[in-house]
Every structure is written in C-alpha cells, then in structure tokens.
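*Asks:* Data: data.txt, compact mmCIF, C-alpha atoms.
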```txt
# COMPACT_ATOMS: atom_id res chain seq x y z
CA MET P 1 -1.27 -5.92 5.45
CA PHE P 2 1.87 -4.50 3.89
CA PRO P 3 4.32 -6.44 1.67
CA GLY P 4 7.44 -7.56 3.48
CA LEU P 5 5.97 -7.30 6.99
CA SER P 6 4.91 -10.24 9.13
CA PRO P 7 1.54 -10.15 10.93
CA HIS P 8 2.97 -9.32 14.35
CA ILE P 9 -0.38 -9.71 16.08
CA GLN P 10 -0.67 -13.40 15.21
CA ALA P 11 0.60 -16.34 17.21
CA ARG P 12 -0.97 -19.66 18.12
CA GLY P 13 -3.31 -19.65 21.10
CA LEU P 14 -6.45 -17.55 21.61
CA PRO P 15 -6.53 -16.01 25.12
CA ARG P 16 -8.77 -18.02 27.43
CA PRO P 17 -10.46 -14.93 28.92
CA LEU P 18 -11.71 -14.01 25.45
CA ARG P 19 -13.29 -17.45 25.01
CA GLU P 20 -15.30 -16.87 28.17
CA THR P 21 -16.78 -13.48 27.15
CA PRO P 22 -20.41 -13.22 26.04
CA ALA P 23 -19.23 -11.63 22.78
CA TYR P 24 -17.15 -14.68 21.88
CA ASN P 25 -19.92 -17.13 22.68
CA ALA P 26 -22.50 -15.07 20.80
CA LEU P 27 -20.48 -14.45 17.63
CA ALA P 28 -18.23 -17.49 17.21
CA GLY P 29 -21.16 -19.69 16.27
CA THR P 30 -21.80 -17.60 13.15
CA LEU P 31 -18.33 -18.30 11.67
CA SER P 32 -17.12 -21.13 9.47
CA ASP P 33 -14.55 -23.71 10.61
CA ASP P 34 -11.90 -21.93 8.53
CA GLU P 35 -12.66 -18.59 10.17
CA LEU P 36 -12.53 -20.21 13.61
CA ASP P 37 -9.14 -21.71 12.76
CA ARG P 38 -7.87 -18.26 11.76
CA LEU P 39 -9.31 -16.80 14.95
CA GLU P 40 -7.32 -19.35 16.94
CA GLN P 41 -4.09 -17.82 15.62
CA PHE P 42 -4.55 -14.58 17.54
CA ARG P 43 -3.15 -13.98 20.99
CA ALA P 44 -3.83 -10.22 21.23
CA PRO P 45 -7.39 -9.89 22.62
CA LYS P 46 -8.19 -6.68 20.72
CA ALA P 47 -7.07 -8.15 17.40
CA ALA P 48 -8.99 -11.38 18.03
CA LEU P 49 -12.17 -9.56 19.03
CA LEU P 50 -11.96 -7.29 15.99
CA PHE P 51 -11.54 -10.26 13.65
CA LEU P 52 -14.43 -12.08 15.32
CA ALA P 53 -16.80 -9.11 15.25
CA ALA P 54 -15.82 -8.05 11.72
CA HIS P 55 -16.48 -11.47 10.21
CA ALA P 56 -19.75 -11.80 12.11
CA MET P 57 -20.71 -8.32 10.87
CA LEU P 58 -19.97 -9.38 7.29
CA ARG P 59 -22.30 -12.36 7.61
CA LEU P 60 -25.01 -10.18 9.13
CA LEU P 61 -24.82 -7.72 6.23
CA LEU P 62 -24.85 -10.49 3.62
CA GLU P 63 -27.88 -12.01 5.31
CA ARG P 64 -29.65 -8.67 5.02
CA TYR P 65 -28.88 -8.45 1.30
CA ASP P 66 -29.76 -12.07 0.51
CA PRO P 67 -31.53 -13.90 3.36
CA GLY P 68 -30.71 -17.58 3.42
CA SER P 69 -27.85 -17.46 0.90
CA ILE P 70 -25.23 -18.42 3.49
CA PRO P 71 -26.25 -20.94 6.18
CA ARG P 72 -25.05 -20.15 9.68
CA GLY P 73 -21.46 -21.35 10.07
CA ALA P 74 -21.05 -22.29 6.38
CA ALA P 75 -17.88 -21.41 4.49
CA LEU P 76 -18.13 -18.55 2.01
CA PRO P 77 -17.69 -19.60 -1.65
CA ARG P 78 -14.36 -18.37 -3.08
CA ARG P 79 -12.83 -17.64 -6.45
CA ALA P 80 -9.56 -19.19 -7.66
CA LEU P 81 -7.29 -16.78 -5.74
CA GLY P 82 -9.37 -17.08 -2.59
CA LYS P 83 -11.62 -14.01 -2.77
CA PRO P 84 -15.12 -14.67 -1.33
CA PHE P 85 -17.98 -14.24 -3.81
CA LEU P 86 -21.68 -15.13 -3.91
CA GLY P 87 -22.57 -16.10 -7.47
CA GLN P 88 -25.54 -18.24 -6.46
CA THR P 89 -27.83 -16.29 -4.15
CA ALA P 90 -31.40 -16.67 -2.97
CA SER P 91 -32.37 -13.63 -5.06
CA GLY P 92 -30.68 -15.01 -8.19
CA ARG P 93 -28.39 -11.97 -8.49
CA PRO P 94 -24.63 -12.15 -7.75
CA LEU P 95 -23.40 -10.33 -4.66
CA PHE P 96 -19.92 -8.77 -4.55
CA PHE P 97 -18.35 -7.86 -1.22
CA ASN P 98 -15.09 -7.25 0.58
CA LEU P 99 -13.98 -6.82 4.20
CA SER P 100 -11.15 -4.89 5.87
CA HIS P 101 -10.37 -4.11 9.49
CA SER P 102 -7.78 -2.19 11.46
CA TRP P 103 -8.41 -1.55 15.14
CA PRO P 104 -10.85 -0.09 16.09
CA LEU P 105 -12.59 0.03 12.69
CA ALA P 106 -14.08 -2.68 10.50
CA ALA P 107 -15.57 -1.88 7.11
CA VAL P 108 -17.49 -3.90 4.53
CA ALA P 109 -18.20 -3.02 0.89
CA VAL P 110 -21.24 -4.74 -0.64
CA THR P 111 -22.58 -4.16 -4.15
CA ARG P 112 -24.28 -5.86 -7.08
CA ALA P 113 -22.58 -3.53 -9.58
CA GLY P 114 -19.41 -5.64 -9.93
CA GLU P 115 -16.24 -6.69 -8.14
CA CYS P 116 -15.20 -4.42 -5.27
CA GLY P 117 -12.37 -4.04 -2.79
CA ILE P 118 -11.99 -2.13 0.46
CA ASP P 119 -9.02 -1.33 2.67
CA VAL P 120 -8.82 0.52 5.97
CA GLU P 121 -5.59 1.34 7.81
CA MET P 122 -5.07 3.23 11.05
CA ILE P 123 -2.00 5.45 11.34
CA ASP P 124 0.68 3.67 13.35
CA PRO P 125 3.63 5.81 14.53
CA HIS P 126 5.81 2.69 14.44
CA LEU P 127 5.00 1.77 10.84
CA PRO P 128 8.25 1.68 8.78
CA TRP P 129 6.71 3.71 5.96
CA GLN P 130 10.09 4.72 4.53
CA GLU P 131 11.06 1.07 4.05
CA LEU P 132 7.65 0.21 2.65
CA CYS P 133 7.84 3.01 0.08
CA ASP P 134 10.44 0.96 -1.79
CA THR P 135 8.29 -2.18 -1.99
CA ALA P 136 4.73 -0.85 -2.07
CA LEU P 137 4.77 2.30 -4.21
CA HIS P 138 5.41 3.27 -7.80
CA PRO P 139 8.34 5.73 -8.26
CA GLN P 140 5.85 8.50 -9.03
CA GLU P 141 4.03 7.82 -5.76
CA ARG P 142 7.28 7.63 -3.78
CA ARG P 143 8.23 11.10 -4.99
CA ALA P 144 4.82 12.43 -3.94
CA VAL P 145 5.12 10.86 -0.49
CA LEU P 146 8.67 12.06 0.15
CA SER P 147 7.78 15.61 -0.87
CA SER P 148 4.69 15.68 1.33
CA ALA P 149 4.55 17.72 4.52
CA ALA P 150 3.16 14.60 6.27
CA PRO P 151 4.88 11.67 4.51
CA ALA P 152 3.64 8.90 6.86
CA GLU P 153 0.02 9.93 6.26
CA ALA P 154 0.65 10.36 2.52
CA PHE P 155 2.09 6.85 2.32
CA LEU P 156 -0.91 5.36 4.12
CA ARG P 157 -3.36 7.16 1.82
CA HIS P 158 -1.56 5.84 -1.28
CA TRP P 159 -1.40 2.35 0.18
CA THR P 160 -5.11 2.09 0.98
CA LEU P 161 -5.99 3.18 -2.55
CA LYS P 162 -3.69 0.57 -4.06
CA GLU P 163 -4.74 -2.30 -1.81
CA ALA P 164 -8.43 -1.55 -2.43
CA ALA P 165 -7.71 -1.82 -6.17
CA ALA P 166 -5.77 -5.07 -5.76
CA LYS P 167 -8.55 -6.56 -3.64
CA ALA P 168 -11.19 -5.55 -6.18
CA LEU P 169 -9.27 -7.55 -8.79
CA GLY P 170 -8.97 -10.50 -6.40
CA LEU P 171 -5.17 -10.28 -6.46
CA GLY P 172 -4.41 -9.06 -2.94
CA LEU P 173 -0.65 -8.94 -2.35
CA HIS P 174 0.01 -11.08 -5.45
CA TRP P 175 0.16 -7.85 -7.47
CA ASP P 176 3.44 -6.00 -8.05
CA PHE P 177 2.61 -2.74 -6.30
CA GLN P 178 5.69 -0.99 -7.67
CA LYS P 179 4.51 -1.27 -11.27
CA PHE P 180 1.32 0.75 -11.14
CA ALA P 181 0.38 4.16 -9.79
CA VAL P 182 -2.97 5.40 -8.56
CA GLN P 183 -3.93 8.90 -9.65
CA GLU P 184 -6.40 11.10 -7.77
CA ARG P 185 -8.56 13.83 -9.21
CA ASP P 186 -11.65 15.54 -7.78
CA GLY P 187 -11.96 13.02 -4.96
CA LEU P 188 -11.87 9.97 -7.25
CA ALA P 189 -8.78 7.84 -7.90
CA THR P 190 -8.14 5.64 -10.92
CA CYS P 191 -5.50 3.22 -12.14
CA GLY P 192 -7.08 2.35 -15.45
CA GLY P 193 -5.20 0.17 -17.91
CA VAL P 194 -3.46 -1.89 -15.25
CA SER P 195 -5.92 -4.77 -15.45
CA GLY P 196 -7.47 -4.07 -18.84
CA GLU P 197 -10.59 -2.93 -16.97
CA PRO P 198 -11.52 0.48 -15.55
CA LEU P 199 -10.98 0.83 -11.81
CA SER P 200 -12.46 3.64 -9.75
CA ILE P 201 -11.51 4.27 -6.14
CA ARG P 202 -12.80 6.63 -3.46
CA SER P 203 -10.71 7.57 -0.43
CA VAL P 204 -12.16 8.68 2.91
CA PRO P 205 -10.09 9.94 5.86
CA CYS P 206 -11.29 7.95 8.88
CA SER P 207 -11.59 11.21 10.82
CA HIS P 208 -14.63 11.92 8.61
CA LEU P 209 -16.31 8.93 10.22
CA ASP P 210 -15.19 9.68 13.76
CA ALA P 211 -12.93 12.50 14.93
CA SER P 212 -11.04 10.06 17.16
CA LEU P 213 -10.01 7.82 14.24
CA ASP P 214 -6.72 8.62 12.53
CA GLY P 215 -6.30 6.70 9.30
CA PHE P 216 -7.64 6.15 5.80
CA LEU P 217 -10.29 4.04 4.11
CA ALA P 218 -10.56 3.37 0.37
CA VAL P 219 -13.22 1.58 -1.68
CA CYS P 220 -12.66 0.35 -5.24
CA CYS P 221 -15.08 -0.94 -7.87
CA LEU P 222 -14.43 -2.36 -11.32
CA ALA P 223 -16.29 0.49 -12.98
CA ALA P 224 -15.63 3.60 -15.00
CA PRO P 225 -15.61 6.81 -12.91
CA GLU P 226 -19.07 7.82 -14.12
CA GLU P 227 -20.39 4.40 -13.09
CA MET P 228 -18.87 4.31 -9.59
CA PRO P 229 -21.71 3.28 -7.26
CA SER P 230 -22.49 5.22 -4.12
CA VAL P 231 -20.90 3.92 -0.93
CA SER P 232 -22.41 3.63 2.55
CA ILE P 233 -20.01 3.28 5.49
CA HIS P 234 -20.91 1.81 8.89
CA LYS P 235 -18.67 2.45 11.88
CA PHE P 236 -17.48 -0.67 13.67
CA PRO P 237 -18.93 -0.10 17.19
CA ALA P 238 -22.52 0.29 15.94
CA ALA P 239 -22.21 -2.60 13.48
CA TYR P 240 -20.64 -4.80 16.17
CA GLY P 241 -23.52 -4.06 18.56
CA ALA P 242 -26.07 -5.07 15.92
CA ALA P 243 -24.14 -8.23 15.07
CA ARG P 244 -23.90 -9.18 18.73
CA GLU P 245 -27.64 -8.72 19.25
CA ARG P 246 -28.54 -10.82 16.22
CA ALA P 247 -26.05 -13.54 17.11
CA GLY P 248 -27.38 -13.59 20.65
CA GLU P 249 -30.85 -14.25 19.30
CA GLY P 250 -29.52 -17.25 17.37
CA ARG P 251 -29.78 -15.72 13.88
CA PRO P 252 -26.91 -15.10 11.39
```
Please express what this file holds, its structure, as structure tokens.
*Replies:*
Amino acid sequence: MFPGLSPHIQARGLPRPLRETPAYNALAGTLSDDELDRLEQFRAPKAALLFLAAHAMLRLLLERYDPGSIPRGAALPRRALGKPFLGQTASGRPLFFNLSHSWPLAAVAVTRAGECGIDVEMIDPHLPWQELCDTALHPQERRAVLSSAAPAEAFLRHWTLKEAAAKALGLGLHWDFQKFAVQERDGLATCGGVSGEPLSIRSVPCSHLDASLDGFLAVCCLAAPEEMPSVSIHKFPAAYGAARERAGEGRP
C-alpha cells in the first residue's frame, strides 16, 4: 500500500462464484473472524483469492514452526499498533513474522532472531510513481529515482525497502517516509539511527524467483548487518497448493 492512495481493489461484497469454489471452502475455515471480515471487503476475485490463500499460507507456516500455538480459526495476537506477534508459543520461544502480497505473489518472513518486516510489490504501469515520490521518498531518494534510467522501477525498489523497514518496526504507514532514507551497499540496505535500533534490509527482484514476475521484494530485520539472518523465499503458487492440501485435510 502506498501513502495517499486508496485500496482500489476493495469494495463491500465478495463475489458469489468465489464462495462456491473448493479453494474458498477449504481455506476460509482456517481464518479468524477478523480475517473473514476483511475478506468480505473484496469484490475482485483475484485479490480476494490472493488474500485468502496468503493468510492461510501464513497460518500453515506458523503451524510448522510451532505446532498448536494458534488454534484453527483463532485470531493472531497483536502488539499495540496492530502487528501480529507470537510471544507465547508451544515451544516457549517468541516467533516473529510478517506477510505481504501483490498478485500473483505472496511472501512470508518468519524468524526467531527479532522483529521482521516484508514487502512485495509488482510493477504496475498505471502506478502514479511521480506523485508518490513526493509523499513516500526522502529528497535523496527522489533525486536517485528521477536520475534513473528506469524511474518507475527505481521508485518501487526504494518503496519496498522502506515499507519492509516500517513493518519491521510495527509502524506501517504511520511513519513519515519523507524523513528517512534507505542506503544500499553490497546487496544490503540499512537505515540505521532512524529508530534507535539497527535495521538491515535485503532486496530481491521478483524476476529472481520467477522470470515472469516483474517487481521487487524486500525483507527487513531489527539486526546489525553482520547479524542479518538468512532468508528463505517460497513462491506463492507452490505455497498455495500446500496450504490448500492441508486445509482440505482439516488441519491448519
């Protein structure tokens, strides 16, 4: 989500054909009442299915990390600003995670190292990146984007880095994105000093995951660069298939 833009894919009333698909029936039962309410806001079938599958995938992955920590259909515990967090787990160790999705990709970051954030954005030829530069980027970043040979792509790369950092801090769009800049060096980005804690961010062009995907993915952890944990990425179609199978068997 970008500051200043409304979620154009949302409007009240989930399409009836989607309700009648096996995927809906298999996955909807894994979600909480709040997630089902949010699902009801979608009218675009692709957007609704992505939301449904992504949130079911998240629950499947959390179940694999800590079996039994989240009962089927239970709401995820949240911090003060609304970020989900598992402080009390079956294993006794906190679990930090974050979810992002942009058709056709959903991505989840899960770690025990500390707070994390993830953002994925597909390149949209209709995205008003020039307008967003004024509200979403630091002056230093705006200059870099405007001098780039591919400014729309440069903007999206900067944005994913920044939103991953904001999500790691649990701030989301509450942060003033114009007041901090993300700096990249040797494949690792940092914006240390902004929060009083070190932040390390890795960016991955989505084409590295699948040649047909045109966009960017960024993962952030509250860690110094030398402590940045390794990151595993699962493509949405495979993860969705696994989630659908498990949900169909009646397990989270």
*Asks:* To one decimal place in Å, what is the distance between CA of Val145 (chain P) and CA of Leu132 (chain P)?
*Replies:*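 Calculated distance between CA of Val145 (chain P) and CA of Leu132 (chain P) is 11.4 Å.
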*Asks:* Using all atoms listed in the file, find the one residue out of P:Glu40, P:Glu115, P:Asp176, P:Glu184 that sits nearest to Arg79 (chain P).
*Replies:*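 Among the listed residues, the smallest separation from Arg79 (chain P) belongs to P:Glu115.
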*Asks:* To one decimal in Å, tell me the separation between CA of Ala189 (chain P) and CA of Thr135 (chain P).
*Replies:* 20.7 Å
*Asks:* Between CA of Ile201 (chain P) and CA of Ala181 (chain P), what distance in Å does the model show, to one decimal?
*Replies:*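 CA of Ala181 (chain P) lies at a distance of 12.4 Å from CA of Ile201 (chain P).
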*Asks:* Nearest to Arg38 (chain P): which of P:Phe96, P:Ala154, P:Leu52, P:Leu58 is it, counting all atoms listed in the file?
*Replies:*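 Checking each of P:Phe96, P:Ala154, P:Leu52, P:Leu58 against Arg38 (chain P), counting all atoms listed in the file, the winner is P:Leu52.
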*Asks:* Give me the region 68-157 of chain P side of the contact with region 165-169 of chain P, cut-off 8 Å, one line per residue showing its nearest atom pair and distance in Å at one decimal, counting only C-alpha atoms, sorted by chain and residue number, as JSON lines.
*Replies:*
```
{"residue": "P:Asn98", "atom": "CA", "partner": "P:Lys167", "partner_atom": "CA", "distance": 7.8}
{"residue": "P:Glu115", "atom": "CA", "partner": "P:Ala168", "partner_atom": "CA", "distance": 5.5}
{"residue": "P:Cys116", "atom": "CA", "partner": "P:Ala168", "partner_atom": "CA", "distance": 4.3}
{"residue": "P:Gly117", "atom": "CA", "partner": "P:Ala168", "partner_atom": "CA", "distance": 3.9}
{"residue": "P:Ile118", "atom": "CA", "partner": "P:Lys167", "partner_atom": "CA", "distance": 6.9}
```
*Asks:* Looking at P:Leu127, P:Leu86, P:Leu49, P:Ala44, which one is nearest to Glu63 (chain P), with distances taken over all atoms listed in the file?
*Replies:*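 The shortest atom-to-atom distance to Glu63 (chain P) comes from P:Leu86.
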*Asks:* List the residues sitting within 12 Å of (-19.9, -7.6, -3.5) in the file's frame, using all atoms listed in the file, as an mmCIF file with C-alpha atoms, in the frame of the given file.
*Replies:*
```cif
data_model
loop_
_atom_site.group_PDB
_atom_site.id
_atom_site.type_symbol
_atom_site.label_atom_id
_atom_site.label_comp_id
_atom_site.auth_asym_id
_atom_site.auth_seq_id
_atom_site.Cartn_x
_atom_site.Cartn_y
_atom_site.Cartn_z
ATOM 1 C CA LEU P 58 -19.970 -9.380 7.290
ATOM 2 C CA LEU P 61 -24.820 -7.720 6.230
ATOM 3 C CA LEU P 62 -24.850 -10.490 3.620
ATOM 4 C CA TYR P 65 -28.880 -8.450 1.300
ATOM 5 C CA ASP P 66 -29.760 -12.070 0.510
ATOM 6 C CA LYS P 83 -11.620 -14.010 -2.770
ATOM 7 C CA PRO P 84 -15.120 -14.670 -1.330
ATOM 8 C CA PHE P 85 -17.980 -14.240 -3.810
ATOM 9 C CA LEU P 86 -21.680 -15.130 -3.910
ATOM 10 C CA GLY P 87 -22.570 -16.100 -7.470
ATOM 11 C CA THR P 89 -27.830 -16.290 -4.150
ATOM 12 C CA ARG P 93 -28.390 -11.970 -8.490
ATOM 13 C CA PRO P 94 -24.630 -12.150 -7.750
ATOM 14 C CA LEU P 95 -23.400 -10.330 -4.660
ATOM 15 C CA PHE P 96 -19.920 -8.770 -4.550
ATOM 16 C CA PHE P 97 -18.350 -7.860 -1.220
ATOM 17 C CA ASN P 98 -15.090 -7.250 0.580
ATOM 18 C CA LEU P 99 -13.980 -6.820 4.200
ATOM 19 C CA VAL P 108 -17.490 -3.900 4.530
ATOM 20 C CA ALA P 109 -18.200 -3.020 0.890
ATOM 21 C CA VAL P 110 -21.240 -4.740 -0.640
ATOM 22 C CA THR P 111 -22.580 -4.160 -4.150
ATOM 23 C CA ARG P 112 -24.280 -5.860 -7.080
ATOM 24 C CA ALA P 113 -22.580 -3.530 -9.580
ATOM 25 C CA GLY P 114 -19.410 -5.640 -9.930
ATOM 26 C CA GLU P 115 -16.240 -6.690 -8.140
ATOM 27 C CA CYS P 116 -15.200 -4.420 -5.270
ATOM 28 C CA GLY P 117 -12.370 -4.040 -2.790
ATOM 29 C CA ILE P 118 -11.990 -2.130 0.460
ATOM 30 C CA LYS P 167 -8.550 -6.560 -3.640
ATOM 31 C CA ALA P 168 -11.190 -5.550 -6.180
ATOM 32 C CA LEU P 169 -9.270 -7.550 -8.790
ATOM 33 C CA GLY P 170 -8.970 -10.500 -6.400
ATOM 34 C CA VAL P 219 -13.220 1.580 -1.680
ATOM 35 C CA CYS P 220 -12.660 0.350 -5.240
ATOM 36 C CA CYS P 221 -15.080 -0.940 -7.870
ATOM 37 C CA LEU P 222 -14.430 -2.360 -11.320
ATOM 38 C CA PRO P 229 -21.710 3.280 -7.260
ATOM 39 C CA VAL P 231 -20.900 3.920 -0.930
#
```
